[in-house]
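Let me begin by presenting the structure, written as C-alpha cells, before commenting on it.
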Amino acid sequence: MHNKRKATVWASVAVCCMLAPSALAYANAGQSVSSSVYGNAGGSASQPSVGSATYVSVPASPQYAPAVTSVTYAAYKPVPAVTGILRIGLERSSAIDENGTLWLWGHSVSAQGESTPRQALDSYKVIDAYAGSHNAALLQDGSVLTWGDNRFGQLGDGTTTSREVPATVAGLSGIVGLSAGATHTLALKDDGTVWTWGANAFGQIGDGTNSVRTSPVQVNGLDDIVSVTAGGQFSLAVSRDRAVWAWGANQHGQLGDGTIVSRNAPVRIGSLNGIKAVSAGYDHALALTESGAIFSWGHNTYGELGDGTIESRTVPVQVTGLQDATAISAGAWFSMALKRDGSVWAWGANGSGQLGNGISKNQNVPVQVPGLTATGISAGLHAAGAAGTNGAFYTWGSNVNGQLGIGGASKHIQLSPQSMPGLRAKSDSPK
C-alpha cells in the first residue's frame with residue numbers, strides 16, 4: 001500500500017491482560033498490548049479555568065515533543081508488528097497502518113509541510129513510532145531507529161549531533177517496547193530490563209546520576225518490567241507483579257511517591273497495585289486497574305486529574321465517576337479514557353477544544369465526547385484523536401500546524417471530532 005489516500009489505521013487501545021472487544025489480538029496466547037498515546041500539539045496560549053469564565057495562563061508548550069506509550073507483554077518475547085499506533089504532535093504526527101507502514105504528517109514533515117499523511121521508512125516494518133523534535137521507531141526485528149533533534153543525546157548514537165537520516169541505535173536488540181519523552185527515550189528489552197538515553201537533568205534516565213547519556217544505559221534495579229512510558233521529564237514502568245515504578249522530575253508530584261523530590265533512580269509507588277496500564281503526560285500520570293478504575297497524580301491546575309479539584313496530588317487519587325475503563329491516555333494538562341461500551345471521556349485543559357465536547361471550558365471531572373463511540377484513543381498536547389467503531393478516524397483540538405491530518409491548518413481549532421480523510425480506523429476488506 002503506497003497510496004496515502006488508501007492508508008488504513010487502527011488506533012491503539014490501552015488495555016492489557018483483558019482486551020476490549022475490538023482490540024488487536026496476537027498469535028501467542030497470553031500476550032496483550034497496552035498503549036497510551038501522547039504527543040505535543042500547538043494550541044491557544046490561554047485556557048479557561050474550571051467552573052468560571054476567567055482565564056489563566058497555560059505553562060509554555062514544551063520545546064521538545066514528548067510522545068508516550070506503554071506496551072505491556074505477558075511474556076518477554078518479540079511479537080508481530082503492532083499496528084495502529086497514533087501520535088498527535090506539535091509539528092508532526094504519525095500513525096502505523098495494518099501493514100506496519102509508518103505515516104507522517106504536519107508542519108515539519110518536509111520543508112513545505114504536509115497536513116495529510118505521507119509514507120516514511122518505506123523498507124521497514126514498524127511496530128511503534130514517535131514523531132516529534134526527535135523521532136524513534138521500533139522495528140519488527142527488535143531494533144530501534146532514531147532521527148531528528150539530538151542536542152541532549154536523545155538519538156542514542158553516542159553524539160549530540162542532530163540528523164534527519166534514520167539510523168539504528170547501536171547495542172540494542174530484542175526490544176519489545178519503546179517510549180520517547182521530551183528529550184529522553186526508553187526501551188524495554190525482552191529480558192525485562194529497561195534501557196534509556198538522552199537528557200538527565202532531573203534523573204529521568206534512572207541510572208543514579210544526573211549526567212546526559214548519549215548512548216543507552218540500563219535503568220538501575222529494574223529487571224522484571226513489562227511496560228515503560230516516558231513523560232515530559234519523568235519515566236514510569238510496570239513490573240510483572242503489576243506494581244508501578246517512577247523516576248525523574250517530581251516538582252508537581254508526578255512520581256506519585258508523596259513528595260516533590262526528583263529521583264534519579266526508580267521508586268515504587270506504594271499505593272498502586274494490580275495495575276494493567278499506565279500513561280505519562282507532560283507532568284501528570286494515569287494508571288488503569290484490573291477492575292477498570294483509573295487513578296491519577298501530579299499536576300492538576302486544569303483539572304487533568306479528574307478528581308473534582310484543581311489541586312495537584314503527590315499520591316494517586318481516583319478519577320471521579322469512571323468505572324469499566326479499558327483505555328487511558330494522558331496528554332499535556334488533559335486526560336482521556338475509553339470505556340468498555342465504546343464511549344470516550346475527557347477532562348482537564350480545554351482551551352483548544354481538546355476535550356472534544358464542543359466548548360472550550362476546562363473540566364475537573366470526566367465529560368463524555370458526544371456522538372462518538374470508539375475502539376482507541378489518543379491524547380496530545382492540545383489535540384486528541386479516536387478510532388470510531390464505524391471505521392472512521394477522528395481528531396479534534398488544535399490544528400495550528402496541521403497535526404490533526406485533516407488537510408490543512410486553516411481551521412486552527414476543532415471543538416468537536418472531525419473525520420480524518422485518507423485514513424481508516426480499520427480495514428474495509430477481510431483478512
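By convention here, the chains of the C-alpha cells are called A, B, ... in the order presented, each chain's residues are numbered starting at 1, and ligands are numbered starting at 1 in the order presented.
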DSSP strand (DSSP E or B) residues within stretch 90-314 of chain A, listed as a ChimeraX atom specification: /A:93-97,102-106,114-120,126-130,134-139,144-148,163-168,175-180,184-189,194-198,213-218,225-230,234-239,244-248,263-268,275-280,284-289,294-298,313-314
field: All residues 6 Å or closer to A:Ala131, only C-alpha atoms, same chain fewer than 3 positions away omitted, as number ranges by chain
entry: A: 93-94, 135
message: What does the structure give for the distance between atom CA of A:Pro421 and atom CA of A:Ser329, in Å to one decimal?
response: 23.2 Å
- prompt: Out of A:Thr259, A:Gln323, A:Asn357, A:Ser271, which residue has the shortest atom-to-atom distance to A:Ala243 when counting only C-alpha atoms?
  reply: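 Closest candidate: A:Ser271.
Among A:Asn401, A:Thr209, A:Gln418, A:Ser227, the residue with the shortest atom-to-atom distance to A:Trp105, counting only C-alpha atoms, is A:Asn401.
Of the listed residues A:Gly298, A:Gly253, A:Gly371, A:Gly158, the one whose atoms come nearest to A:Ala170 is A:Gly158, with distances taken using only C-alpha atoms.
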Using only C-alpha atoms, which protein or nucleic acid residues come within 7 Å of stretch 193-198 of chain A? Drop anything in the same chain fewer than 4 positions from it, and give the result as a CSV table (one decimal) with N, CA and C atoms, in the first residue's frame.
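Below you can see out15.csv, which holds the result:
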chain,number,residue,atom,x,y,z
A,152,PHE,N,20.6,16.7,23.3
A,152,PHE,CA,20.7,16.1,24.6
A,152,PHE,C,21.0,14.6,24.5
A,153,GLY,N,21.5,14.2,23.3
A,153,GLY,CA,21.8,12.8,23.1
A,153,GLY,C,20.6,11.8,23.0
A,154,GLN,N,19.4,12.4,22.7
A,154,GLN,CA,18.2,11.6,22.7
A,154,GLN,C,18.1,10.6,21.5
A,156,GLY,N,20.6,8.5,20.9
A,156,GLY,CA,21.3,7.4,21.4
A,156,GLY,C,22.5,6.9,20.5
A,183,THR,N,12.9,14.8,26.0
A,183,THR,CA,14.3,14.8,25.5
A,183,THR,C,15.0,13.5,25.9
A,184,HIS,N,14.3,12.5,26.2
A,184,HIS,CA,14.9,11.2,26.6
A,184,HIS,C,14.1,10.1,26.0
A,185,THR,N,14.7,8.9,25.9
A,185,THR,CA,14.0,7.8,25.2
A,185,THR,C,14.2,6.5,26.1
A,186,LEU,N,13.1,5.7,26.2
A,186,LEU,CA,13.2,4.5,26.9
A,186,LEU,C,13.0,3.3,26.0
A,187,ALA,N,13.6,2.2,26.3
A,187,ALA,CA,13.5,0.9,25.5
A,187,ALA,C,13.4,-0.2,26.5
A,188,LEU,N,12.4,-1.1,26.3
A,188,LEU,CA,12.2,-2.3,27.1
A,188,LEU,C,12.7,-3.5,26.3
A,189,LYS,N,13.6,-4.3,26.9
A,189,LYS,CA,14.1,-5.5,26.3
A,189,LYS,C,13.3,-6.7,26.6
A,205,ILE,N,16.8,9.5,33.4
A,205,ILE,CA,17.4,8.3,32.8
A,205,ILE,C,17.4,7.1,33.8
A,212,VAL,N,24.0,13.6,31.3
A,212,VAL,CA,23.4,13.3,30.0
A,212,VAL,C,24.0,12.0,29.5
A,213,ARG,N,23.2,11.2,28.9
A,213,ARG,CA,23.6,9.9,28.3
A,213,ARG,C,23.4,9.9,26.8
A,214,THR,N,24.4,9.8,26.0
A,214,THR,CA,24.2,9.8,24.6
A,214,THR,C,24.2,8.4,24.0
A,215,SER,N,24.3,7.4,24.8
A,215,SER,CA,24.2,6.0,24.4
A,215,SER,C,23.3,5.3,25.4
A,216,PRO,N,22.7,4.2,25.1
A,216,PRO,CA,21.8,3.5,26.1
A,216,PRO,C,22.5,3.1,27.3
A,217,VAL,N,21.9,3.3,28.5
A,217,VAL,CA,22.4,2.7,29.7
A,217,VAL,C,21.2,2.0,30.4
A,218,GLN,N,21.5,1.1,31.3
A,218,GLN,CA,20.4,0.3,31.9
A,218,GLN,C,19.9,1.1,33.1
A,219,VAL,N,18.6,1.1,33.3
A,219,VAL,CA,17.9,1.7,34.5
A,219,VAL,C,18.2,0.9,35.7
A,222,LEU,N,15.8,-2.4,37.9
A,222,LEU,CA,14.6,-2.9,37.2
A,222,LEU,C,15.0,-4.1,36.3
A,223,ASP,N,14.5,-5.3,36.6
A,223,ASP,CA,14.8,-6.4,35.7
A,223,ASP,C,13.6,-7.3,35.5
A,224,ASP,N,12.4,-6.9,35.9
A,224,ASP,CA,11.2,-7.7,35.7
A,224,ASP,C,10.1,-6.8,35.2
A,225,ILE,N,10.4,-6.0,34.2
A,225,ILE,CA,9.5,-5.0,33.8
A,225,ILE,C,8.7,-5.5,32.5
Counting only C-alpha atoms, what is within 8 Å of A:Arg268, bar same-chain residues fewer than 3 positions away, as a PDB file with N, CA and C atoms, in the first residue's frame?
ATOM      1  N   ALA A 243       3.063  -3.797  39.865  1.00  0.00           N
ATOM      2  CA  ALA A 243       3.437  -2.607  40.620  1.00  0.00           C
ATOM      3  C   ALA A 243       3.934  -1.541  39.656  1.00  0.00           C
ATOM      4  N   VAL A 244       3.947  -0.270  40.114  1.00  0.00           N
ATOM      5  CA  VAL A 244       4.383   0.856  39.280  1.00  0.00           C
ATOM      6  C   VAL A 244       5.627   1.483  39.890  1.00  0.00           C
ATOM      7  N   TRP A 245       6.612   1.750  39.032  1.00  0.00           N
ATOM      8  CA  TRP A 245       7.866   2.381  39.425  1.00  0.00           C
ATOM      9  C   TRP A 245       8.012   3.711  38.685  1.00  0.00           C
ATOM     10  N   ALA A 246       8.633   4.707  39.353  1.00  0.00           N
ATOM     11  CA  ALA A 246       8.721   6.050  38.776  1.00  0.00           C
ATOM     12  C   ALA A 246      10.079   6.669  39.091  1.00  0.00           C
ATOM     13  N   ASP A 257       5.047   9.506  44.760  1.00  0.00           N
ATOM     14  CA  ASP A 257       5.635   8.899  45.952  1.00  0.00           C
ATOM     15  C   ASP A 257       5.403   9.714  47.216  1.00  0.00           C
TER      16      ASP A 257
END
Contacts of A:Ala280 at 7 Å or less, counting only C-alpha atoms, minus same-chain residues fewer than 6 places along, as a PDB file with all heavy atoms, in the first residue's frame?
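Output file selection.pdb is given in full below:
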ATOM      1  N   VAL A  68       4.323   9.549  24.424  1.00  0.00           N
ATOM      2  CA  VAL A  68       4.464   8.424  25.328  1.00  0.00           C
ATOM      3  C   VAL A  68       3.549   7.293  24.965  1.00  0.00           C
ATOM      4  O   VAL A  68       2.480   7.484  24.408  1.00  0.00           O
ATOM      5  CB  VAL A  68       4.195   8.837  26.788  1.00  0.00           C
ATOM      6  CG1 VAL A  68       5.204   9.831  27.276  1.00  0.00           C
ATOM      7  CG2 VAL A  68       2.802   9.405  26.934  1.00  0.00           C
ATOM      8  N   THR A 229       6.867   3.854  30.016  1.00  0.00           N
ATOM      9  CA  THR A 229       6.267   5.050  29.425  1.00  0.00           C
ATOM     10  C   THR A 229       7.035   6.281  29.884  1.00  0.00           C
ATOM     11  O   THR A 229       7.352   6.416  31.070  1.00  0.00           O
ATOM     12  CB  THR A 229       4.772   5.172  29.781  1.00  0.00           C
ATOM     13  OG1 THR A 229       4.230   6.365  29.211  1.00  0.00           O
ATOM     14  CG2 THR A 229       4.548   5.196  31.272  1.00  0.00           C
ATOM     15  N   ALA A 230       7.377   7.160  28.955  1.00  0.00           N
ATOM     16  CA  ALA A 230       8.147   8.364  29.245  1.00  0.00           C
ATOM     17  C   ALA A 230       7.241   9.576  29.190  1.00  0.00           C
ATOM     18  O   ALA A 230       6.520   9.782  28.216  1.00  0.00           O
ATOM     19  CB  ALA A 230       9.291   8.519  28.239  1.00  0.00           C
ATOM     20  N   GLY A 231       7.276  10.379  30.250  1.00  0.00           N
ATOM     21  CA  GLY A 231       6.552  11.639  30.267  1.00  0.00           C
ATOM     22  C   GLY A 231       7.451  12.767  29.813  1.00  0.00           C
ATOM     23  O   GLY A 231       8.470  12.551  29.149  1.00  0.00           O
ATOM     24  N   LEU A 286      -1.515   8.702  34.699  1.00  0.00           N
ATOM     25  CA  LEU A 286      -2.721   7.914  34.908  1.00  0.00           C
ATOM     26  C   LEU A 286      -2.340   6.445  35.051  1.00  0.00           C
ATOM     27  O   LEU A 286      -1.365   5.986  34.454  1.00  0.00           O
ATOM     28  CB  LEU A 286      -3.680   8.037  33.718  1.00  0.00           C
ATOM     29  CG  LEU A 286      -4.155   9.424  33.302  1.00  0.00           C
ATOM     30  CD1 LEU A 286      -4.984   9.321  32.026  1.00  0.00           C
ATOM     31  CD2 LEU A 286      -4.964  10.078  34.417  1.00  0.00           C
ATOM     32  N   ALA A 330      -2.886  10.008  28.751  1.00  0.00           N
ATOM     33  CA  ALA A 330      -2.578  11.276  29.411  1.00  0.00           C
ATOM     34  C   ALA A 330      -1.896  12.207  28.429  1.00  0.00           C
ATOM     35  O   ALA A 330      -0.833  11.885  27.887  1.00  0.00           O
ATOM     36  CB  ALA A 330      -1.676  11.044  30.628  1.00  0.00           C
TER      37      ALA A 330
END
message: Using Å and a single decimal, report how far atom CA of A:Leu86 sits from atom CA of A:Ser378.
response: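 Taking atom CA of A:Ser378 as the start and atom CA of A:Leu86 as the end point, the length is 6.7 Å.
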- line: Using only C-alpha atoms, the shortest atom-to-atom distance to A:Val344 among A:Ala387, A:Ala95, A:Leu305, A:Val319 belongs to A:Ala387
Contacts of A:Pro316 at 12 Å (only C-alpha atoms; same-chain gap of 4+ positions) as a count of residues only: 29
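Of the residues under consideration (A:Asp97, A:Ile88, A:Gln354, A:Ala293), A:Ala293 shows the shortest atom-to-atom contact distance to A:Arg340 when counting only C-alpha atoms.
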message: Given only C-alpha atoms as the basis, pick out the residue of A:Trp247, A:Trp103, A:Trp345, A:Tyr282 nearest to A:His382.
response: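 Under the stated criterion, the closest residue is A:Tyr282.
Going from atom CA of A:Ile406 over to atom CA of A:Met336, you cover 21.0 Å.
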